[in-house]
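work_13.cif (mmCIF, C-alpha atoms) appears below.
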```cif
data_entry
loop_
_atom_site.group_PDB
_atom_site.id
_atom_site.type_symbol
_atom_site.label_atom_id
_atom_site.label_comp_id
_atom_site.auth_asym_id
_atom_site.auth_seq_id
_atom_site.Cartn_x
_atom_site.Cartn_y
_atom_site.Cartn_z
ATOM 1 C CA MET A 1 -17.981 -75.038 28.368
ATOM 2 C CA ALA A 2 -19.166 -77.902 26.175
ATOM 3 C CA THR A 3 -17.743 -80.387 28.688
ATOM 4 C CA ILE A 4 -19.994 -79.094 31.482
ATOM 5 C CA VAL A 5 -23.100 -78.881 29.320
ATOM 6 C CA LEU A 6 -22.750 -82.351 27.809
ATOM 7 C CA THR A 7 -21.820 -83.927 31.169
ATOM 8 C CA VAL A 8 -25.000 -82.593 32.727
ATOM 9 C CA ALA A 9 -27.090 -83.591 29.739
ATOM 10 C CA GLY A 10 -25.587 -87.059 29.691
ATOM 11 C CA SER A 11 -26.206 -87.543 33.400
ATOM 12 C CA LEU A 12 -29.860 -86.611 33.037
ATOM 13 C CA ILE A 13 -30.328 -88.995 30.149
ATOM 14 C CA GLY A 14 -28.131 -91.957 31.058
ATOM 15 C CA GLY A 15 -27.048 -91.502 34.617
ATOM 16 C CA PRO A 16 -23.376 -91.759 35.575
ATOM 17 C CA VAL A 17 -22.455 -93.592 32.383
ATOM 18 C CA GLY A 18 -24.213 -90.973 30.271
ATOM 19 C CA GLY A 19 -22.454 -88.207 32.184
ATOM 20 C CA ALA A 20 -19.049 -89.781 31.521
ATOM 21 C CA ILE A 21 -19.789 -90.110 27.834
ATOM 22 C CA GLY A 22 -21.086 -86.528 27.681
ATOM 23 C CA GLY A 23 -17.950 -85.303 29.419
ATOM 24 C CA LEU A 24 -15.720 -87.028 26.880
ATOM 25 C CA LEU A 25 -17.671 -85.581 23.971
ATOM 26 C CA GLY A 26 -17.662 -82.132 25.532
ATOM 27 C CA GLY A 27 -13.879 -82.266 25.951
ATOM 28 C CA VAL A 28 -13.443 -83.021 22.273
ATOM 29 C CA VAL A 29 -15.733 -80.115 21.319
ATOM 30 C CA ASP A 30 -13.898 -77.715 23.619
ATOM 31 C CA ARG A 31 -10.463 -78.802 22.392
ATOM 32 C CA GLU A 32 -11.142 -79.003 18.654
ATOM 33 C CA VAL A 33 -13.845 -76.376 18.116
ATOM 34 C CA LEU A 34 -14.469 -73.849 20.868
ATOM 35 C CA PHE A 35 -10.981 -73.465 22.318
ATOM 36 C CA LYS A 36 -8.782 -74.803 19.521
ATOM 37 C CA PRO A 37 -5.272 -73.226 19.708
ATOM 38 C CA LYS A 38 -4.523 -70.747 16.937
ATOM 39 C CA GLY A 39 -1.915 -71.769 14.395
ATOM 40 C CA ARG A 40 1.528 -70.197 14.486
ATOM 41 C CA GLU A 41 3.222 -68.582 11.495
ATOM 42 C CA GLY A 42 6.892 -68.517 10.665
ATOM 43 C CA PRO A 43 8.777 -65.459 9.347
ATOM 44 C CA ARG A 44 7.123 -63.863 6.319
ATOM 45 C CA LEU A 45 8.225 -61.099 3.954
ATOM 46 C CA SER A 46 5.996 -58.055 3.552
ATOM 47 C CA GLU A 47 7.567 -56.937 0.250
ATOM 48 C CA LEU A 48 8.025 -59.315 -2.681
ATOM 49 C CA ARG A 49 9.137 -56.827 -5.326
ATOM 50 C CA VAL A 50 12.709 -57.193 -6.618
ATOM 51 C CA GLN A 51 14.860 -54.201 -7.588
ATOM 52 C CA THR A 52 18.210 -55.389 -8.896
ATOM 53 C CA SER A 53 18.788 -53.975 -12.387
ATOM 54 C CA SER A 54 21.055 -50.989 -12.898
ATOM 55 C CA TYR A 55 20.638 -49.079 -16.150
ATOM 56 C CA GLY A 56 23.832 -48.146 -17.950
ATOM 57 C CA THR A 57 25.963 -50.929 -16.478
ATOM 58 C CA GLN A 58 28.509 -52.009 -19.079
ATOM 59 C CA ILE A 59 28.658 -55.672 -20.038
ATOM 60 C CA PRO A 60 32.309 -56.671 -20.603
ATOM 61 C CA LYS A 61 33.690 -58.834 -23.380
ATOM 62 C CA ILE A 62 35.293 -61.848 -21.730
ATOM 63 C CA PHE A 63 38.406 -63.526 -23.157
ATOM 64 C CA GLY A 64 39.961 -66.728 -21.844
ATOM 65 C CA THR A 65 38.582 -67.839 -18.459
ATOM 66 C CA MET A 66 37.609 -65.353 -15.752
ATOM 67 C CA ARG A 67 35.472 -65.053 -12.633
ATOM 68 C CA VAL A 68 32.962 -62.269 -13.262
ATOM 69 C CA ALA A 69 29.957 -60.900 -11.394
ATOM 70 C CA GLY A 70 27.551 -60.347 -14.283
ATOM 71 C CA SER A 71 24.584 -57.967 -14.411
ATOM 72 C CA VAL A 72 20.955 -58.864 -13.700
ATOM 73 C CA ILE A 73 18.997 -57.969 -16.842
ATOM 74 C CA TRP A 74 15.611 -59.496 -15.961
ATOM 75 C CA ALA A 75 13.881 -60.771 -12.830
ATOM 76 C CA THR A 76 10.478 -61.725 -11.510
ATOM 77 C CA ASP A 77 9.128 -60.664 -8.147
ATOM 78 C CA LEU A 78 9.730 -63.096 -5.305
ATOM 79 C CA VAL A 79 7.300 -66.028 -5.298
ATOM 80 C CA GLU A 80 5.920 -67.019 -1.890
ATOM 81 C CA HIS A 81 5.400 -70.703 -1.049
ATOM 82 C CA ARG A 82 3.283 -71.687 1.987
ATOM 83 C CA SER A 83 3.378 -74.991 3.861
ATOM 84 C CA THR A 84 1.521 -75.998 7.050
ATOM 85 C CA GLN A 85 2.719 -78.562 9.558
ATOM 86 C CA SER A 86 0.412 -80.096 12.160
ATOM 87 C CA GLY A 87 1.447 -79.615 15.746
ATOM 88 C CA GLY A 88 -0.057 -82.898 16.940
ATOM 89 C CA LYS A 89 -2.840 -83.543 19.427
ATOM 90 C CA GLY A 90 -3.785 -80.420 21.314
ATOM 91 C CA ARG A 91 -0.968 -78.381 19.762
ATOM 92 C CA PRO A 92 -1.243 -75.563 17.230
ATOM 93 C CA SER A 93 -0.167 -76.027 13.609
ATOM 94 C CA THR A 94 2.732 -74.055 12.167
ATOM 95 C CA THR A 95 2.689 -72.275 8.809
ATOM 96 C CA ASN A 96 6.075 -71.766 7.169
ATOM 97 C CA TYR A 97 6.909 -69.510 4.223
ATOM 98 C CA SER A 98 9.667 -69.940 1.667
ATOM 99 C CA TYR A 99 10.592 -67.846 -1.359
ATOM 100 C CA THR A 100 11.981 -68.372 -4.843
ATOM 101 C CA ALA A 101 12.959 -66.021 -7.662
ATOM 102 C CA SER A 102 13.642 -66.324 -11.377
ATOM 103 C CA PHE A 103 16.129 -63.996 -13.065
ATOM 104 C CA ALA A 104 18.640 -63.620 -15.902
ATOM 105 C CA VAL A 105 22.267 -62.489 -15.563
ATOM 106 C CA ALA A 106 24.301 -61.110 -18.493
ATOM 107 C CA LEU A 107 27.884 -62.410 -18.455
ATOM 108 C CA SER A 108 29.726 -61.373 -21.622
ATOM 109 C CA ALA A 109 29.230 -59.158 -24.671
ATOM 110 C CA ARG A 110 30.882 -61.812 -26.850
ATOM 111 C CA PRO A 111 30.026 -65.511 -27.203
ATOM 112 C CA ILE A 112 31.389 -67.944 -24.618
ATOM 113 C CA LEU A 113 31.950 -71.693 -24.512
ATOM 114 C CA GLY A 114 30.366 -72.314 -21.125
ATOM 115 C CA ILE A 115 30.635 -71.700 -17.402
ATOM 116 C CA GLY A 116 32.254 -73.628 -14.572
ATOM 117 C CA ARG A 117 31.620 -72.874 -10.941
ATOM 118 C CA ILE A 118 29.121 -70.334 -9.585
ATOM 119 C CA TRP A 119 29.345 -68.582 -6.222
ATOM 120 C CA ALA A 120 26.450 -67.004 -4.302
ATOM 121 C CA ASP A 121 27.371 -64.546 -1.539
ATOM 122 C CA GLY A 122 30.894 -65.977 -1.682
ATOM 123 C CA LYS A 123 29.752 -69.586 -1.149
ATOM 124 C CA LEU A 124 29.820 -72.273 -3.805
ATOM 125 C CA LEU A 125 26.420 -72.587 -5.487
ATOM 126 C CA ARG A 126 27.438 -74.754 -8.460
ATOM 127 C CA GLY A 127 30.388 -77.126 -8.391
ATOM 128 C CA ALA A 128 32.822 -77.859 -11.192
ATOM 129 C CA ALA A 129 30.795 -80.970 -12.064
ATOM 130 C CA GLY A 130 27.659 -78.867 -12.593
ATOM 131 C CA ASP A 131 25.954 -79.855 -9.313
ATOM 132 C CA PHE A 132 23.906 -77.141 -7.577
ATOM 133 C CA LYS A 133 23.892 -76.735 -3.799
ATOM 134 C CA ALA A 134 20.424 -75.129 -3.820
ATOM 135 C CA ARG A 135 17.389 -76.201 -5.821
ATOM 136 C CA THR A 136 17.005 -74.229 -9.035
ATOM 137 C CA GLY A 137 16.426 -74.527 -12.737
ATOM 138 C CA PHE A 138 19.300 -73.276 -14.860
ATOM 139 C CA ARG A 139 19.898 -72.487 -18.531
ATOM 140 C CA LEU A 140 22.896 -70.927 -20.265
ATOM 141 C CA HIS A 141 22.610 -68.937 -23.496
ATOM 142 C CA PRO A 142 26.179 -68.708 -24.917
ATOM 143 C CA GLY A 143 25.642 -65.546 -26.962
ATOM 144 C CA SER A 144 25.382 -66.928 -30.480
ATOM 145 C CA GLU A 145 23.875 -64.784 -33.210
ATOM 146 C CA ASP A 146 21.019 -67.222 -33.759
ATOM 147 C CA GLN A 147 20.018 -67.997 -30.170
ATOM 148 C CA ALA A 148 16.301 -67.999 -29.399
ATOM 149 C CA PRO A 149 14.607 -66.104 -26.539
ATOM 150 C CA ASP A 150 14.578 -67.906 -23.224
ATOM 151 C CA PRO A 151 11.220 -69.731 -22.824
ATOM 152 C CA LEU A 152 10.656 -68.506 -19.257
ATOM 153 C CA ILE A 153 11.270 -64.867 -20.163
ATOM 154 C CA ALA A 154 9.139 -65.240 -23.284
ATOM 155 C CA ALA A 155 6.260 -66.690 -21.251
ATOM 156 C CA ALA A 156 6.438 -63.804 -18.784
ATOM 157 C CA GLU A 157 7.009 -60.929 -21.229
ATOM 158 C CA GLY A 158 5.091 -62.030 -24.322
ATOM 159 C CA GLY A 159 5.913 -62.016 -28.015
ATOM 160 C CA MET A 160 8.341 -59.057 -28.019
ATOM 161 C CA THR A 161 10.926 -60.818 -25.834
ATOM 162 C CA PRO A 162 14.518 -60.086 -27.002
ATOM 163 C CA ALA A 163 16.845 -63.003 -27.670
ATOM 164 C CA HIS A 164 19.912 -60.972 -26.538
ATOM 165 C CA ARG A 165 21.898 -62.275 -29.485
ATOM 166 C CA GLY A 166 25.605 -61.656 -29.076
ATOM 167 C CA ILE A 167 25.175 -61.530 -25.280
ATOM 168 C CA ALA A 168 26.001 -64.575 -23.168
ATOM 169 C CA TYR A 169 23.614 -64.829 -20.235
ATOM 170 C CA ALA A 170 22.405 -67.325 -17.634
ATOM 171 C CA VAL A 171 18.828 -67.873 -16.464
ATOM 172 C CA PHE A 172 17.915 -69.140 -13.001
ATOM 173 C CA GLU A 173 14.383 -70.484 -12.644
ATOM 174 C CA ASP A 174 12.822 -70.681 -9.154
ATOM 175 C CA LEU A 175 16.072 -70.440 -7.211
ATOM 176 C CA GLU A 176 15.358 -71.171 -3.536
ATOM 177 C CA LEU A 177 16.362 -68.126 -1.485
ATOM 178 C CA GLY A 178 16.213 -69.500 2.054
ATOM 179 C CA ASP A 179 20.004 -69.813 2.307
ATOM 180 C CA PHE A 180 20.468 -66.206 1.125
ATOM 181 C CA GLY A 181 18.200 -64.274 3.481
ATOM 182 C CA ASN A 182 15.225 -64.550 1.096
ATOM 183 C CA ARG A 183 16.807 -62.250 -1.476
ATOM 184 C CA ILE A 184 18.657 -62.679 -4.763
ATOM 185 C CA PRO A 185 22.276 -63.304 -3.723
ATOM 186 C CA SER A 186 25.385 -61.638 -5.076
ATOM 187 C CA LEU A 187 26.540 -64.018 -7.811
ATOM 188 C CA SER A 188 29.862 -64.552 -9.548
ATOM 189 C CA PHE A 189 30.581 -66.960 -12.399
ATOM 190 C CA GLU A 190 33.608 -68.790 -13.740
ATOM 191 C CA VAL A 191 33.136 -67.857 -17.397
ATOM 192 C CA ILE A 192 34.940 -69.971 -19.995
ATOM 193 C CA ALA A 193 35.011 -67.813 -23.108
ATOM 194 C CA ASP A 194 37.878 -69.517 -24.956
ATOM 195 C CA SER A 195 39.525 -72.922 -24.882
ATOM 196 C CA GLY A 196 42.799 -71.544 -23.496
ATOM 197 C CA PRO A 197 44.829 -68.402 -22.737
ATOM 198 C CA GLN A 198 44.608 -65.631 -25.319
ATOM 199 C CA ALA A 199 47.499 -63.537 -26.662
ATOM 200 C CA ALA A 200 47.246 -59.863 -25.705
ATOM 201 C CA GLY A 201 47.765 -58.879 -29.334
ATOM 202 C CA ALA A 202 44.906 -61.104 -30.465
ATOM 203 C CA ILE A 203 42.617 -59.553 -27.854
ATOM 204 C CA ALA A 204 43.616 -56.064 -28.987
ATOM 205 C CA ARG A 205 42.858 -56.946 -32.591
ATOM 206 C CA ALA A 206 39.476 -58.403 -31.611
ATOM 207 C CA LEU A 207 38.601 -55.188 -29.791
ATOM 208 C CA ALA A 208 39.857 -52.628 -32.314
ATOM 209 C CA GLY A 209 39.252 -54.576 -35.507
ATOM 210 C CA ASP A 210 41.609 -54.681 -38.459
ATOM 211 C CA VAL A 211 43.309 -51.389 -37.550
ATOM 212 C CA LEU A 212 45.685 -53.299 -35.246
ATOM 213 C CA ALA A 213 47.679 -55.966 -37.030
ATOM 214 C CA ALA A 214 49.129 -57.564 -33.886
ATOM 215 C CA ASP A 215 50.633 -61.010 -34.201
ATOM 216 C CA GLU A 216 50.263 -63.956 -31.848
ATOM 217 C CA GLY A 217 53.713 -63.553 -30.286
ATOM 218 C CA THR A 218 52.486 -61.306 -27.488
ATOM 219 C CA THR A 219 51.934 -62.215 -23.847
ATOM 220 C CA ALA A 220 49.211 -64.815 -23.292
ATOM 221 C CA LEU A 221 46.587 -63.940 -20.693
ATOM 222 C CA ALA A 222 44.557 -66.562 -18.857
ATOM 223 C CA GLY A 223 41.596 -64.200 -18.793
ATOM 224 C CA PHE A 224 40.653 -60.607 -19.580
ATOM 225 C CA ALA A 225 37.412 -58.632 -19.170
ATOM 226 C CA ALA A 226 37.286 -55.839 -21.744
ATOM 227 C CA SER A 227 35.241 -52.820 -20.665
ATOM 228 C CA GLY A 228 35.868 -49.110 -20.757
ATOM 229 C CA ALA A 229 34.879 -45.768 -22.199
ATOM 230 C CA SER A 230 36.725 -46.312 -25.493
ATOM 231 C CA ALA A 231 38.796 -48.851 -27.400
ATOM 232 C CA ARG A 232 41.926 -46.907 -26.495
ATOM 233 C CA ALA A 233 41.142 -47.059 -22.766
ATOM 234 C CA VAL A 234 40.510 -50.791 -22.934
ATOM 235 C CA ILE A 235 43.719 -51.489 -24.879
ATOM 236 C CA GLU A 236 45.739 -49.403 -22.426
ATOM 237 C CA THR A 237 44.326 -51.571 -19.624
ATOM 238 C CA LEU A 238 45.176 -54.634 -21.687
ATOM 239 C CA ALA A 239 48.775 -53.456 -22.049
ATOM 240 C CA GLY A 240 49.022 -53.053 -18.295
ATOM 241 C CA ALA A 241 47.638 -56.551 -17.790
ATOM 242 C CA ALA A 242 50.150 -57.970 -20.277
ATOM 243 C CA GLY A 243 52.890 -56.431 -18.172
ATOM 244 C CA ASP A 244 55.577 -56.169 -20.836
ATOM 245 C CA GLY A 245 54.293 -53.508 -23.190
ATOM 246 C CA SER A 246 53.682 -56.049 -25.902
ATOM 247 C CA ALA A 247 50.063 -55.105 -26.538
ATOM 248 C CA PRO A 248 49.743 -52.208 -28.994
ATOM 249 C CA MET A 249 48.176 -49.062 -27.590
ATOM 250 C CA PRO A 250 46.795 -46.461 -30.017
ATOM 251 C CA GLY A 251 47.982 -42.953 -29.188
ATOM 252 C CA CYS A 252 50.597 -44.106 -26.659
ATOM 253 C CA TRP A 253 54.238 -43.841 -27.747
ATOM 254 C CA ARG A 254 55.615 -46.967 -26.118
ATOM 255 C CA CYS A 255 58.498 -48.938 -27.588
ATOM 256 C CA CYS A 256 57.518 -52.533 -28.289
ATOM 257 C CA THR A 257 59.452 -55.515 -27.020
ATOM 258 C CA ALA A 258 61.439 -57.781 -29.273
ATOM 259 C CA THR A 259 58.551 -60.257 -29.475
ATOM 260 C CA ALA A 260 56.017 -57.659 -30.593
ATOM 261 C CA PRO A 261 55.647 -55.915 -33.961
ATOM 262 C CA ARG A 262 57.186 -52.469 -34.316
ATOM 263 C CA TRP A 263 54.668 -49.892 -35.408
ATOM 264 C CA ASN A 264 55.511 -46.986 -37.702
ATOM 265 C CA TRP A 265 53.728 -43.662 -37.354
ATOM 266 C CA ARG A 266 51.258 -44.438 -40.150
ATOM 267 C CA THR A 267 50.094 -47.587 -38.405
ATOM 268 C CA TRP A 268 49.709 -45.778 -35.078
ATOM 269 C CA ALA A 269 47.887 -42.906 -36.756
ATOM 270 C CA ARG A 270 45.471 -45.207 -38.532
ATOM 271 C CA ALA A 271 44.746 -47.047 -35.265
ATOM 272 C CA ARG A 272 44.272 -43.788 -33.397
ATOM 273 C CA SER A 273 42.068 -42.138 -35.988
ATOM 274 C CA THR A 274 39.799 -45.149 -36.368
ATOM 275 C CA ALA A 275 39.565 -46.280 -32.749
ATOM 276 C CA GLU A 276 39.094 -42.795 -31.271
ATOM 277 C CA THR A 277 37.501 -40.568 -33.861
ATOM 278 C CA GLY A 278 35.992 -42.923 -36.403
ATOM 279 C CA ALA A 279 37.893 -41.146 -39.199
ATOM 280 C CA THR A 280 39.076 -43.186 -42.149
ATOM 281 C CA SER A 281 42.219 -41.199 -42.965
ATOM 282 C CA PRO A 282 45.377 -41.044 -40.835
ATOM 283 C CA GLN A 283 46.008 -38.055 -38.597
ATOM 284 C CA PRO A 284 49.536 -36.691 -38.144
ATOM 285 C CA ILE A 285 50.998 -37.443 -34.736
ATOM 286 C CA PRO A 286 54.392 -36.758 -33.107
ATOM 287 C CA HIS A 287 57.291 -38.984 -34.005
ATOM 288 C CA ARG A 288 57.522 -41.976 -31.677
ATOM 289 C CA ALA A 289 60.600 -42.065 -29.460
ATOM 290 C CA ARG A 290 63.040 -44.853 -30.248
#
```
Is it possible to give me this structure as structure tokens?
Amino acid sequence: MATIVLTVAGSLIGGPVGGAIGGLLGGVVDREVLFKPKGREGPRLSELRVQTSSYGTQIPKIFGTMRVAGSVIWATDLVEHRSTQSGGKGRPSTTNYSYTASFAVALSARPILGIGRIWADGKLLRGAAGDFKARTGFRLHPGSEDQAPDPLIAAAEGGMTPAHRGIAYAVFEDLELGDFGNRIPSLSFEVIADSGPQAAGAIARALAGDVLAADEGTTALAGFAASGASARAVIETLAGAAGDGSAPMPGCWRCCTATAPRWNWRTWARARSTAETGATSPQPIPHRAR
């Protein structure tokens, strides 16, 4: 439209030369103003809210070194990032959208030494050397009793932010989600809770307290995640993991191996009464088979 109008106007004013100049100007106006191609948009999410937390999920106590999934305990909504690329002369521009998320994952209900590799949706996200395959900020809180609140969570939640003392957790800040379908991926962590394998008896004593006087001569486990409805249930699982019956189990009349201490009925009763009922005095139980 502008090409025709300006060509005619230019011809009337300057003859053929004026018409040519008017035509050129009219083409520019038509292409860049009147009939400029609309920009194209890449895929875009319609919902940015994140729902990942599950109330009541138990956080295990990790011993040794284990690969664990963890539990998301805090997260922001997805953050949308917009970038526009020019399509060149006469071509529409393209607007692309990318997304990031910040969140915290609880790993262990006892302090840990550190973490090794991290997997996201089964693929390596963090190598053994600490290198990340996707851009993200990362902080580890090892679960000490004097650890401070994470600064990102504190900035988002205000002055009442819990420090989660006694809980080891990891914080991801602005993790790019493009490689994971623009969602928080399923994560698993190589948690290093202790410097080496732990004796089953030592783990049992750590779980049940002083009521179990197990020595260090029991089976050593490379890793163990302690979680269950009661101390007895956890120690029974521990005994199964040890594989030789060396770990003491309150309320279970199992003969110990030669490398494990032999428990008399008073010791078993004290363990059972304290671990299961909270009582301070022994309860009579059947005689243990020899």
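Taking atom CA of A:Lys61 as the reference point, atom CA of A:Arg139 is found at 20.0 Å.
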**Item:** Residues within 12 Å of (32.6, -44.1, -17.4), file coords, only C-alpha atoms, listed as a list in words
**Value:** Gly56, Thr57, Gln58, Ser227, Gly228, Ala229, Ser230, Ala233 and Val234 of chain A
Please list, as a tab-separated table (two decimals) with C-alpha atoms, in the frame of the given file, the residues that have an atom at most 6 Å away from (15.8, -65.1, -14.2) in the coordinates of this file, counting only C-alpha atoms.
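Printed below is out_25.tsv as written:
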```tsv
chain	number	residue	atom	x	y	z
A	74	TRP	CA	15.61	-59.50	-15.96
A	75	ALA	CA	13.88	-60.77	-12.83
A	102	SER	CA	13.64	-66.32	-11.38
A	103	PHE	CA	16.13	-64.00	-13.06
A	104	ALA	CA	18.64	-63.62	-15.90
A	171	VAL	CA	18.83	-67.87	-16.46
A	172	PHE	CA	17.92	-69.14	-13.00
A	173	GLU	CA	14.38	-70.48	-12.64
```
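One distance worth recording is that between atom CA of A:Leu78 and atom CA of A:Gly159, which is 23.1 Å.
Interatomic distance, atom CA of A:Ile184 to atom CA of A:Gly64: 27.6 Å.
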Written as a PyMOL selection string, what is the full residue list that the PyMOL selection byres ((chain A and resi 63) around 9) yields on the file shown? chain A and resi 61-62+64-66+110+112+191-194+197-198+203+221-226
Quiz prompt | Resolved residues for the PyMOL selection byres ((chain A and resi 136) around 8) as a list in words | solution =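 For this structure, the PyMOL selection byres ((chain A and resi 136) around 8) captures Phe132, Ala134, Arg135, Gly137, Phe138, Phe172, Glu173, Asp174, Leu175 and Glu176 of chain A.
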Write out as CSV a residue-level contact list of stretch 126-198 of chain A versus stretch 91-98 of chain A with cut-off 8 Å: for each qualifying residue the closest pair of atoms and the distance in Å to one decimal, counting only C-alpha atoms, rows sorted by chain and residue number upward.
```
residue,atom,partner,partner_atom,distance
A:Glu176,CA,A:Ser98,CA,7.8
A:Leu177,CA,A:Ser98,CA,7.6
A:Gly178,CA,A:Ser98,CA,6.6
A:Asn182,CA,A:Ser98,CA,7.8
```
- [ ] Check which residues satisfy the PyMOL selection byres ((chain A and resi 169) around 6) in the file shown, then give them as a list in words.
- [x] Val105, Ala106, Leu107, His141, Ala168 and Ala170 of chain A
